[in-house]
Structures are given as C-alpha cells and as structure tokens.
Amino acid sequence: MSVLSLKHVKTYGMAERADHLEFDIRTQEGSPLLSHPHRHEHFQIKVGLAGEVEQTVGGSVRPFRRGYLGFVLPYRVHLVPHPPGSRFVMINFSQQFLRPDLAIDPLDLEEVDLLTFPELAPFVYQEYLDFCFDEVEFGVIESLLERLFEENARRGFCSLALMRSLLIQMICLVCKKYEAQILSLQSSQGQLGSQRDALQRLSRFLRANLGEKIALGDAANAVNLSPNYLAHLLKKETGKTFVELLTQRRLEHAIELLAHSTSRIEQIAHLCGFPDQAYFTRRFKVRYGRSPRDYRASVRQSQG
C-alpha cells in the first residue's frame, strides 16, 4: 500500500477503542479490528507477536512482525493489516497518562524537545525507523507486557502509577537501542514548515481563548490565514472542521479541570466556552460515553 490518503479517514477516541479513558492494553481478540486507514486522538503502541505484514504509518510503509513495535502519534493516519495467524498486543493511552507534565497540544507533539521528552522519540520517528528486537531482547518486552496485563486487570491502589512506569520502561528500551538513529534524525530535521507554524499558532490561540466565543474568522485572523485556507488546512491535517476541533479542545480542557480541580461542573462548562451546563454535559457524553459527574467520580475513585 502507498501513502495513506487523508480523505474520508475516521478519527477514533479512547472511549470507542478502549475500556478505560487513560490506559488500556489488549490482544487482537480484545476489540473489533479496523481494516481501513484511520487515526485516533490518543497514543498507540502495537507489539508484534506472530505473522508478517506491513504497517502503513503516515507517509511510509514499514515491516511489522514478531519482535517489532509500532508507535502511532495522536492524529497520525495509519493501518496495520490483520491476516489470519497474525497476533499482536495493542496499547492505547492518553497524553495525560504518558506525561502529566506535557502541556502541549497533540498537533504540536512532533516538534517537542526530545531531550526533555525522550519518550516521544519512537512516535515521532516511526515513519523513518523500524523498531525491532531479537528474541533475547524481546523476552524483556514480553515480560513487561505480562505485568501490564496483570496490573490493568487488577486496577487497584497505585495501579495507574505502576502501569505508567512499566510503559515508560518499554519505551525507554526502544530509545536506548535506537539512540544513535534517533539523535541523528533529530539533528537533521529542518525548520518548521509554514503549515505547521500556522497550526501551532492556532493551538496557542485556542488555548488562550477557550472560554470565549471563537469563530473561524477570529482564528484565521489570529494565525494570519484566510478562513477558507485555515478550514482546508485543518481538514487535511486533522480530519476535523474548525468547530469540531474547537469543541475537542474545550472538552480536553474540561477533562483536565474535572480531574484536577474542585470547580463546580457549571463553572467548568463556562471556563471551557460552553453556553450552559446542559449543553456541555451532552457534548461530553457524546465524546466520552459518560457524564462529567461520572467521569470525575471515576477519577477520584482510581486515585484512591
């Protein structure tokens, strides 16, 4: 398969592809497999256990078989075929779960300082490198996966912190083995293109004005683009309209406030730019499959 087309590509959320909103791990039997190019709002790692296929990630096609790990950034179009006999483990997790201190828009993740956030390196460079391990090395990966499965099933006191630790260990094993290639790629990256600059300016503008009424024209003026071109750029790069992207940013901010503040839900709705609590609750339930109140309760319960 050649480079994946962005046309008619569906974007999935954690609520659609996982049992938990922050972290989930499963085998290929754990959920209906996707046979079409797609993207999602969260991070994903696939670990090959059996079978030989090719994975298409963004603009490249790379091998995927036993001992290979595939890393997918949020909103990166990808597809891994699932022929009979193929087996893998799939790990989905949110940006907040991976790095709670990483306060950056998902669209900007490819431009972060990898010396500060080295865990992102395999995701950023998956289109350029094959991350594979021999049987001895892969035994360590499988041991970490086994412990992740156990802890995900237990979901007890400190489980989330332990799962995060195990996940980072696995990613760091990849970073350690491919350190030279990663650093070489990083040093050869050119300056940001004009389109990425525009998306970064848009992200900053939205973050600073989420509580206000924002129209496409306002955003276009802020990033020095025409409204028509900004709408085209967003659809091409994210698969979303401006309104869909704005609503997504507002809901993501709401998630943070629900989890890490004591503000009333009505206040959170206002701070995130929703006209009233009822509308906010409807949009939240459509996106996350539960009400803001239920989400806050589940977070507090998981934190003990």
# chains A, B, ... in the order shown; residues from 1 in each chain; ligands from 1

$ residues_around --residues "segment 252-269 of chain A" --least-positions-apart "4" --cutoff "9 Å" --atoms "only C-alpha atoms" --output "PyMOL selection string"
chain A and resi 96+207+210-211+247-248+273-281+284+292-293+295-297+299-300

$ closest_atom_pairs --of "segment 130-167 of chain A" --to "segment 62-76 of chain A" --cutoff "12 Å" --atoms "only C-alpha atoms" --output "tab-separated table"
residue	atom	partner	partner_atom	distance
A:Asp130	CA	A:Arg62	CA	6.9
A:Phe131	CA	A:Leu69	CA	5.6
A:Cys132	CA	A:Tyr68	CA	4.2
A:Phe133	CA	A:Gly67	CA	5.0
A:Asp134	CA	A:Gly67	CA	6.5
A:Glu135	CA	A:Gly67	CA	7.1
A:Val136	CA	A:Gly67	CA	9.9
A:Glu137	CA	A:Gly67	CA	8.6
A:Phe138	CA	A:Gly67	CA	5.8
A:Gly139	CA	A:Gly67	CA	9.1
A:Val140	CA	A:Gly67	CA	10.8
A:Ile141	CA	A:Gly67	CA	8.7
A:Glu142	CA	A:Gly67	CA	9.4

$ write_last_selection --atoms "N, CA and C atoms" --output "tab-separated table (two decimals), in the first residue's frame"
chain	number	residue	atom	x	y	z
A	130	ASP	N	12.60	1.27	11.84
A	130	ASP	CA	11.94	0.04	12.25
A	130	ASP	C	12.44	-0.32	13.64
A	131	PHE	N	11.55	-0.39	14.59
A	131	PHE	CA	11.93	-0.68	15.97
A	131	PHE	C	11.70	-2.17	16.23
A	132	CYS	N	12.80	-2.96	16.16
A	132	CYS	CA	12.67	-4.40	16.29
A	132	CYS	C	13.72	-4.94	17.26
A	133	PHE	N	13.41	-6.11	17.84
A	133	PHE	CA	14.26	-6.73	18.85
A	133	PHE	C	14.47	-8.20	18.53
A	134	ASP	N	15.66	-8.72	18.86
A	134	ASP	CA	15.88	-10.16	18.70
A	134	ASP	C	15.16	-10.89	19.83
A	135	GLU	N	15.18	-12.21	19.80
A	135	GLU	CA	14.38	-12.99	20.74
A	135	GLU	C	14.78	-12.75	22.20
A	136	VAL	N	16.07	-12.61	22.45
A	136	VAL	CA	16.50	-12.36	23.84
A	136	VAL	C	16.00	-11.00	24.31
A	137	GLU	N	16.19	-9.98	23.49
A	137	GLU	CA	15.71	-8.64	23.84
A	137	GLU	C	14.19	-8.60	23.96
A	138	PHE	N	13.53	-9.32	23.04
A	138	PHE	CA	12.07	-9.29	23.03
A	138	PHE	C	11.49	-9.99	24.25
A	139	GLY	N	12.25	-10.91	24.83
A	139	GLY	CA	11.79	-11.54	26.06
A	139	GLY	C	11.55	-10.53	27.17
A	140	VAL	N	12.39	-9.51	27.21
A	140	VAL	CA	12.21	-8.44	28.22
A	140	VAL	C	10.92	-7.67	27.93
A	141	ILE	N	10.68	-7.37	26.66
A	141	ILE	CA	9.45	-6.68	26.27
A	141	ILE	C	8.22	-7.51	26.67
A	142	GLU	N	8.25	-8.80	26.38
A	142	GLU	CA	7.12	-9.65	26.72
A	142	GLU	C	6.89	-9.72	28.23

$ residues_around --residues "segment 155-168 of chain A" --least-positions-apart "2" --cutoff "9 Å" --atoms "only C-alpha atoms" --output "list in words"
Glu22, Phe23, Phe97, Leu98, Arg99, Glu119, Leu144, Leu145, Arg147, Leu148, Glu150, Glu151, Asn152, Ala153, Met170, Ile171, Cys172, Leu173, Ser302, Gln303 and Gly304 of chain A

$ write_last_selection --atoms "N, CA and C atoms" --output "PDB file, in the first residue's frame"
ATOM      1  N   GLU A  22      -7.814   6.409  30.180  1.00  0.00           N
ATOM      2  CA  GLU A  22      -6.429   6.836  30.328  1.00  0.00           C
ATOM      3  C   GLU A  22      -5.433   5.810  29.807  1.00  0.00           C
ATOM      4  N   PHE A  23      -5.720   4.509  29.986  1.00  0.00           N
ATOM      5  CA  PHE A  23      -4.787   3.456  29.568  1.00  0.00           C
ATOM      6  C   PHE A  23      -5.560   2.170  29.344  1.00  0.00           C
ATOM      7  N   PHE A  97      -1.760  10.470  30.553  1.00  0.00           N
ATOM      8  CA  PHE A  97      -1.235   9.282  31.218  1.00  0.00           C
ATOM      9  C   PHE A  97       0.268   9.155  30.989  1.00  0.00           C
ATOM     10  N   LEU A  98       0.715   9.369  29.757  1.00  0.00           N
ATOM     11  CA  LEU A  98       2.130   9.209  29.443  1.00  0.00           C
ATOM     12  C   LEU A  98       2.987  10.242  30.157  1.00  0.00           C
ATOM     13  N   ARG A  99       2.646  11.510  30.012  1.00  0.00           N
ATOM     14  CA  ARG A  99       3.413  12.587  30.637  1.00  0.00           C
ATOM     15  C   ARG A  99       2.452  13.638  31.171  1.00  0.00           C
ATOM     16  N   GLU A 119      10.569  10.072  25.664  1.00  0.00           N
ATOM     17  CA  GLU A 119       9.580   9.014  25.432  1.00  0.00           C
ATOM     18  C   GLU A 119       8.824   9.199  24.117  1.00  0.00           C
ATOM     19  N   LEU A 144       7.463  -7.269  30.344  1.00  0.00           N
ATOM     20  CA  LEU A 144       6.797  -6.013  30.694  1.00  0.00           C
ATOM     21  C   LEU A 144       5.329  -6.036  30.286  1.00  0.00           C
ATOM     22  N   LEU A 145       5.048  -6.619  29.113  1.00  0.00           N
ATOM     23  CA  LEU A 145       3.658  -6.720  28.670  1.00  0.00           C
ATOM     24  C   LEU A 145       2.836  -7.567  29.628  1.00  0.00           C
ATOM     25  N   ARG A 147       3.264  -8.013  32.801  1.00  0.00           N
ATOM     26  CA  ARG A 147       2.994  -7.243  34.018  1.00  0.00           C
ATOM     27  C   ARG A 147       1.964  -6.140  33.763  1.00  0.00           C
ATOM     28  N   LEU A 148       1.994  -5.553  32.576  1.00  0.00           N
ATOM     29  CA  LEU A 148       0.989  -4.546  32.229  1.00  0.00           C
ATOM     30  C   LEU A 148      -0.408  -5.164  32.183  1.00  0.00           C
ATOM     31  N   GLU A 150      -1.448  -7.794  33.814  1.00  0.00           N
ATOM     32  CA  GLU A 150      -1.836  -8.128  35.182  1.00  0.00           C
ATOM     33  C   GLU A 150      -2.323  -6.892  35.934  1.00  0.00           C
ATOM     34  N   GLU A 151      -1.585  -5.809  35.821  1.00  0.00           N
ATOM     35  CA  GLU A 151      -1.942  -4.611  36.579  1.00  0.00           C
ATOM     36  C   GLU A 151      -3.187  -3.945  36.010  1.00  0.00           C
ATOM     37  N   ASN A 152      -3.345  -4.009  34.684  1.00  0.00           N
ATOM     38  CA  ASN A 152      -4.545  -3.427  34.072  1.00  0.00           C
ATOM     39  C   ASN A 152      -5.795  -4.183  34.510  1.00  0.00           C
ATOM     40  N   ALA A 153      -5.662  -5.498  34.701  1.00  0.00           N
ATOM     41  CA  ALA A 153      -6.792  -6.288  35.174  1.00  0.00           C
ATOM     42  C   ALA A 153      -7.066  -6.032  36.655  1.00  0.00           C
ATOM     43  N   MET A 170       9.328   0.241  28.807  1.00  0.00           N
ATOM     44  CA  MET A 170       9.310  -0.373  27.485  1.00  0.00           C
ATOM     45  C   MET A 170       9.723   0.629  26.412  1.00  0.00           C
ATOM     46  N   ILE A 171       9.185   1.838  26.490  1.00  0.00           N
ATOM     47  CA  ILE A 171       9.537   2.859  25.501  1.00  0.00           C
ATOM     48  C   ILE A 171      11.015   3.200  25.596  1.00  0.00           C
ATOM     49  N   CYS A 172      11.527   3.273  26.818  1.00  0.00           N
ATOM     50  CA  CYS A 172      12.935   3.632  27.005  1.00  0.00           C
ATOM     51  C   CYS A 172      13.884   2.539  26.507  1.00  0.00           C
ATOM     52  N   LEU A 173      13.453   1.294  26.544  1.00  0.00           N
ATOM     53  CA  LEU A 173      14.272   0.236  25.952  1.00  0.00           C
ATOM     54  C   LEU A 173      14.445   0.473  24.454  1.00  0.00           C
ATOM     55  N   SER A 302     -10.245   6.056  41.215  1.00  0.00           N
ATOM     56  CA  SER A 302      -8.985   5.434  40.784  1.00  0.00           C
ATOM     57  C   SER A 302      -7.785   5.996  41.537  1.00  0.00           C
ATOM     58  N   GLN A 303      -7.925   7.233  42.033  1.00  0.00           N
ATOM     59  CA  GLN A 303      -6.825   7.855  42.777  1.00  0.00           C
ATOM     60  C   GLN A 303      -6.833   7.456  44.229  1.00  0.00           C
ATOM     61  N   GLY A 304      -7.818   6.655  44.614  1.00  0.00           N
ATOM     62  CA  GLY A 304      -7.895   6.172  45.988  1.00  0.00           C
ATOM     63  C   GLY A 304      -8.423   7.208  46.928  1.00  0.00           C
TER      64      GLY A 304
END

$ select_by_dssp --residues "segment 43-257 of chain A" --states "helix (DSSP H, G or I)" --output "PDB file with C-alpha atoms, in the first residue's frame"
ATOM      1  CA  GLN A  95      -1.148  12.052  26.622  1.00  0.00           C
ATOM      2  CA  GLN A  96      -2.009  12.865  30.233  1.00  0.00           C
ATOM      3  CA  PHE A  97      -1.235   9.282  31.218  1.00  0.00           C
ATOM      4  CA  LEU A  98       2.130   9.209  29.443  1.00  0.00           C
ATOM      5  CA  PRO A 106      -1.364  16.989  20.314  1.00  0.00           C
ATOM      6  CA  LEU A 107      -0.828  18.684  16.956  1.00  0.00           C
ATOM      7  CA  ASP A 108       2.487  20.055  18.237  1.00  0.00           C
ATOM      8  CA  LEU A 109       3.922  16.790  19.568  1.00  0.00           C
ATOM      9  CA  GLU A 110       6.280  16.239  16.641  1.00  0.00           C
ATOM     10  CA  GLU A 111       8.077  19.468  17.495  1.00  0.00           C
ATOM     11  CA  PRO A 118      12.598  11.345  25.115  1.00  0.00           C
ATOM     12  CA  GLU A 119       9.580   9.014  25.432  1.00  0.00           C
ATOM     13  CA  LEU A 120       8.101  10.682  22.366  1.00  0.00           C
ATOM     14  CA  ALA A 121      11.015   9.813  20.069  1.00  0.00           C
ATOM     15  CA  PRO A 122       9.730   6.448  18.750  1.00  0.00           C
ATOM     16  CA  PHE A 123       6.348   8.011  17.993  1.00  0.00           C
ATOM     17  CA  VAL A 124       7.898  10.959  16.160  1.00  0.00           C
ATOM     18  CA  GLU A 135      14.381 -12.994  20.736  1.00  0.00           C
ATOM     19  CA  VAL A 136      16.500 -12.357  23.835  1.00  0.00           C
ATOM     20  CA  GLU A 137      15.714  -8.639  23.842  1.00  0.00           C
ATOM     21  CA  PHE A 138      12.075  -9.290  23.029  1.00  0.00           C
ATOM     22  CA  GLY A 139      11.786 -11.542  26.059  1.00  0.00           C
ATOM     23  CA  VAL A 140      12.207  -8.438  28.224  1.00  0.00           C
ATOM     24  CA  ILE A 141       9.447  -6.679  26.271  1.00  0.00           C
ATOM     25  CA  GLU A 142       7.117  -9.653  26.722  1.00  0.00           C
ATOM     26  CA  SER A 143       7.803  -9.670  30.462  1.00  0.00           C
ATOM     27  CA  LEU A 144       6.797  -6.013  30.694  1.00  0.00           C
ATOM     28  CA  LEU A 145       3.658  -6.720  28.670  1.00  0.00           C
ATOM     29  CA  GLU A 146       2.692  -9.544  31.019  1.00  0.00           C
ATOM     30  CA  ARG A 147       2.994  -7.243  34.018  1.00  0.00           C
ATOM     31  CA  LEU A 148       0.989  -4.546  32.229  1.00  0.00           C
ATOM     32  CA  PHE A 149      -1.819  -7.018  31.548  1.00  0.00           C
ATOM     33  CA  GLU A 150      -1.836  -8.128  35.182  1.00  0.00           C
ATOM     34  CA  GLU A 151      -1.942  -4.611  36.579  1.00  0.00           C
ATOM     35  CA  ASN A 152      -4.545  -3.427  34.072  1.00  0.00           C
ATOM     36  CA  ALA A 153      -6.792  -6.288  35.174  1.00  0.00           C
ATOM     37  CA  ARG A 154      -6.174  -5.583  38.866  1.00  0.00           C
ATOM     38  CA  SER A 159      -2.024   0.543  39.587  1.00  0.00           C
ATOM     39  CA  LEU A 160      -2.021   3.551  37.262  1.00  0.00           C
ATOM     40  CA  ALA A 161       1.370   4.725  38.518  1.00  0.00           C
ATOM     41  CA  LEU A 162       2.814   1.228  38.139  1.00  0.00           C
ATOM     42  CA  MET A 163       1.411   0.829  34.628  1.00  0.00           C
ATOM     43  CA  ARG A 164       2.884   4.192  33.646  1.00  0.00           C
ATOM     44  CA  SER A 165       6.267   3.059  34.975  1.00  0.00           C
ATOM     45  CA  LEU A 166       6.140  -0.215  33.031  1.00  0.00           C
ATOM     46  CA  LEU A 167       5.062   1.581  29.864  1.00  0.00           C
ATOM     47  CA  ILE A 168       7.908   4.077  30.109  1.00  0.00           C
ATOM     48  CA  GLN A 169      10.389   1.263  30.739  1.00  0.00           C
ATOM     49  CA  MET A 170       9.310  -0.373  27.485  1.00  0.00           C
ATOM     50  CA  ILE A 171       9.537   2.859  25.501  1.00  0.00           C
ATOM     51  CA  CYS A 172      12.935   3.632  27.005  1.00  0.00           C
ATOM     52  CA  LEU A 173      14.272   0.236  25.952  1.00  0.00           C
ATOM     53  CA  VAL A 174      13.444   1.264  22.393  1.00  0.00           C
ATOM     54  CA  CYS A 175      15.030   4.686  22.847  1.00  0.00           C
ATOM     55  CA  LYS A 176      18.194   3.141  24.294  1.00  0.00           C
ATOM     56  CA  LYS A 177      18.620   0.623  21.468  1.00  0.00           C
ATOM     57  CA  GLU A 179      19.610   6.184  20.430  1.00  0.00           C
ATOM     58  CA  ALA A 180      22.113   6.882  17.645  1.00  0.00           C
ATOM     59  CA  GLN A 181      19.496   6.775  14.875  1.00  0.00           C
ATOM     60  CA  ILE A 182      17.059   8.916  16.851  1.00  0.00           C
ATOM     61  CA  LEU A 183      19.621  11.597  17.626  1.00  0.00           C
ATOM     62  CA  SER A 184      20.797  11.604  14.010  1.00  0.00           C
ATOM     63  CA  LEU A 185      17.248  12.134  12.775  1.00  0.00           C
ATOM     64  CA  GLN A 186      16.665  14.870  15.308  1.00  0.00           C
ATOM     65  CA  SER A 187      19.756  16.794  14.254  1.00  0.00           C
ATOM     66  CA  SER A 188      18.805  16.559  10.582  1.00  0.00           C
ATOM     67  CA  SER A 194       4.660  27.243   7.236  1.00  0.00           C
ATOM     68  CA  GLN A 195       1.663  24.939   7.642  1.00  0.00           C
ATOM     69  CA  ARG A 196       2.949  23.535  10.925  1.00  0.00           C
ATOM     70  CA  ASP A 197       3.713  27.070  12.105  1.00  0.00           C
ATOM     71  CA  ALA A 198       0.102  28.018  11.384  1.00  0.00           C
ATOM     72  CA  LEU A 199      -1.251  25.028  13.300  1.00  0.00           C
ATOM     73  CA  GLN A 200       0.968  25.818  16.256  1.00  0.00           C
ATOM     74  CA  ARG A 201      -0.225  29.440  16.279  1.00  0.00           C
ATOM     75  CA  LEU A 202      -3.798  28.204  16.093  1.00  0.00           C
ATOM     76  CA  SER A 203      -3.232  25.844  19.024  1.00  0.00           C
ATOM     77  CA  ARG A 204      -1.843  28.661  21.148  1.00  0.00           C
ATOM     78  CA  PHE A 205      -4.727  30.947  20.183  1.00  0.00           C
ATOM     79  CA  LEU A 206      -7.340  28.337  21.071  1.00  0.00           C
ATOM     80  CA  ARG A 207      -5.720  27.514  24.400  1.00  0.00           C
ATOM     81  CA  ALA A 208      -5.657  31.185  25.348  1.00  0.00           C
ATOM     82  CA  LEU A 216     -13.424  30.638  12.264  1.00  0.00           C
ATOM     83  CA  GLY A 217     -12.761  34.220  11.137  1.00  0.00           C
ATOM     84  CA  ASP A 218     -11.322  35.119  14.548  1.00  0.00           C
ATOM     85  CA  ALA A 219      -8.963  32.150  14.454  1.00  0.00           C
ATOM     86  CA  ALA A 220      -7.936  32.845  10.856  1.00  0.00           C
ATOM     87  CA  ASN A 221      -7.056  36.445  11.738  1.00  0.00           C
ATOM     88  CA  ALA A 222      -5.005  35.245  14.699  1.00  0.00           C
ATOM     89  CA  PRO A 227     -10.763  31.487   6.745  1.00  0.00           C
ATOM     90  CA  ASN A 228     -11.102  29.251   3.682  1.00  0.00           C
ATOM     91  CA  TYR A 229      -7.464  28.202   3.742  1.00  0.00           C
ATOM     92  CA  LEU A 230      -7.488  27.569   7.501  1.00  0.00           C
ATOM     93  CA  ALA A 231     -10.584  25.388   7.146  1.00  0.00           C
ATOM     94  CA  HIS A 232      -8.881  23.445   4.329  1.00  0.00           C
ATOM     95  CA  LEU A 233      -5.651  23.038   6.314  1.00  0.00           C
ATOM     96  CA  LEU A 234      -7.464  21.757   9.382  1.00  0.00           C
ATOM     97  CA  LYS A 235      -9.465  19.237   7.399  1.00  0.00           C
ATOM     98  CA  LYS A 236      -6.341  17.997   5.638  1.00  0.00           C
ATOM     99  CA  GLU A 237      -4.157  17.716   8.739  1.00  0.00           C
ATOM    100  CA  THR A 238      -6.693  16.685  11.406  1.00  0.00           C
ATOM    101  CA  PHE A 242     -12.893  24.172  12.861  1.00  0.00           C
ATOM    102  CA  VAL A 243     -15.956  23.717  15.067  1.00  0.00           C
ATOM    103  CA  GLU A 244     -15.102  20.053  15.683  1.00  0.00           C
ATOM    104  CA  LEU A 245     -11.533  20.923  16.624  1.00  0.00           C
ATOM    105  CA  LEU A 246     -12.634  23.754  18.911  1.00  0.00           C
ATOM    106  CA  THR A 247     -15.148  21.504  20.659  1.00  0.00           C
ATOM    107  CA  GLN A 248     -12.470  18.861  21.076  1.00  0.00           C
ATOM    108  CA  ARG A 249     -10.065  21.346  22.671  1.00  0.00           C
ATOM    109  CA  ARG A 250     -12.799  22.545  25.027  1.00  0.00           C
ATOM    110  CA  LEU A 251     -13.651  19.012  26.078  1.00  0.00           C
ATOM    111  CA  GLU A 252      -9.982  18.139  26.622  1.00  0.00           C
ATOM    112  CA  HIS A 253      -9.624  21.195  28.846  1.00  0.00           C
ATOM    113  CA  ALA A 254     -12.770  20.138  30.683  1.00  0.00           C
ATOM    114  CA  ILE A 255     -11.238  16.702  31.305  1.00  0.00           C
ATOM    115  CA  GLU A 256      -8.237  18.346  32.975  1.00  0.00           C
ATOM    116  CA  LEU A 257     -10.413  20.582  35.144  1.00  0.00           C
TER     117      LEU A 257
END

$ closest_residue --among "A:Gln55, A:Asn92, A:Ser86, A:Thr27" --to "Met14 of chain A" --atoms "only C-alpha atoms"
A:Asn92

$ atom_distance --atom1 "atom CA of Glu54 of chain A" --atom2 "atom CA of Tyr178 of chain A"
20.4 Å

$ atom_distance --atom1 "atom CA of Thr11 of chain A" --atom2 "atom CA of Glu41 of chain A"
6.9 Å

$ atom_distance --atom1 "atom CA of Asp19 of chain A" --atom2 "atom CA of Gly289 of chain A"
10.8 Å
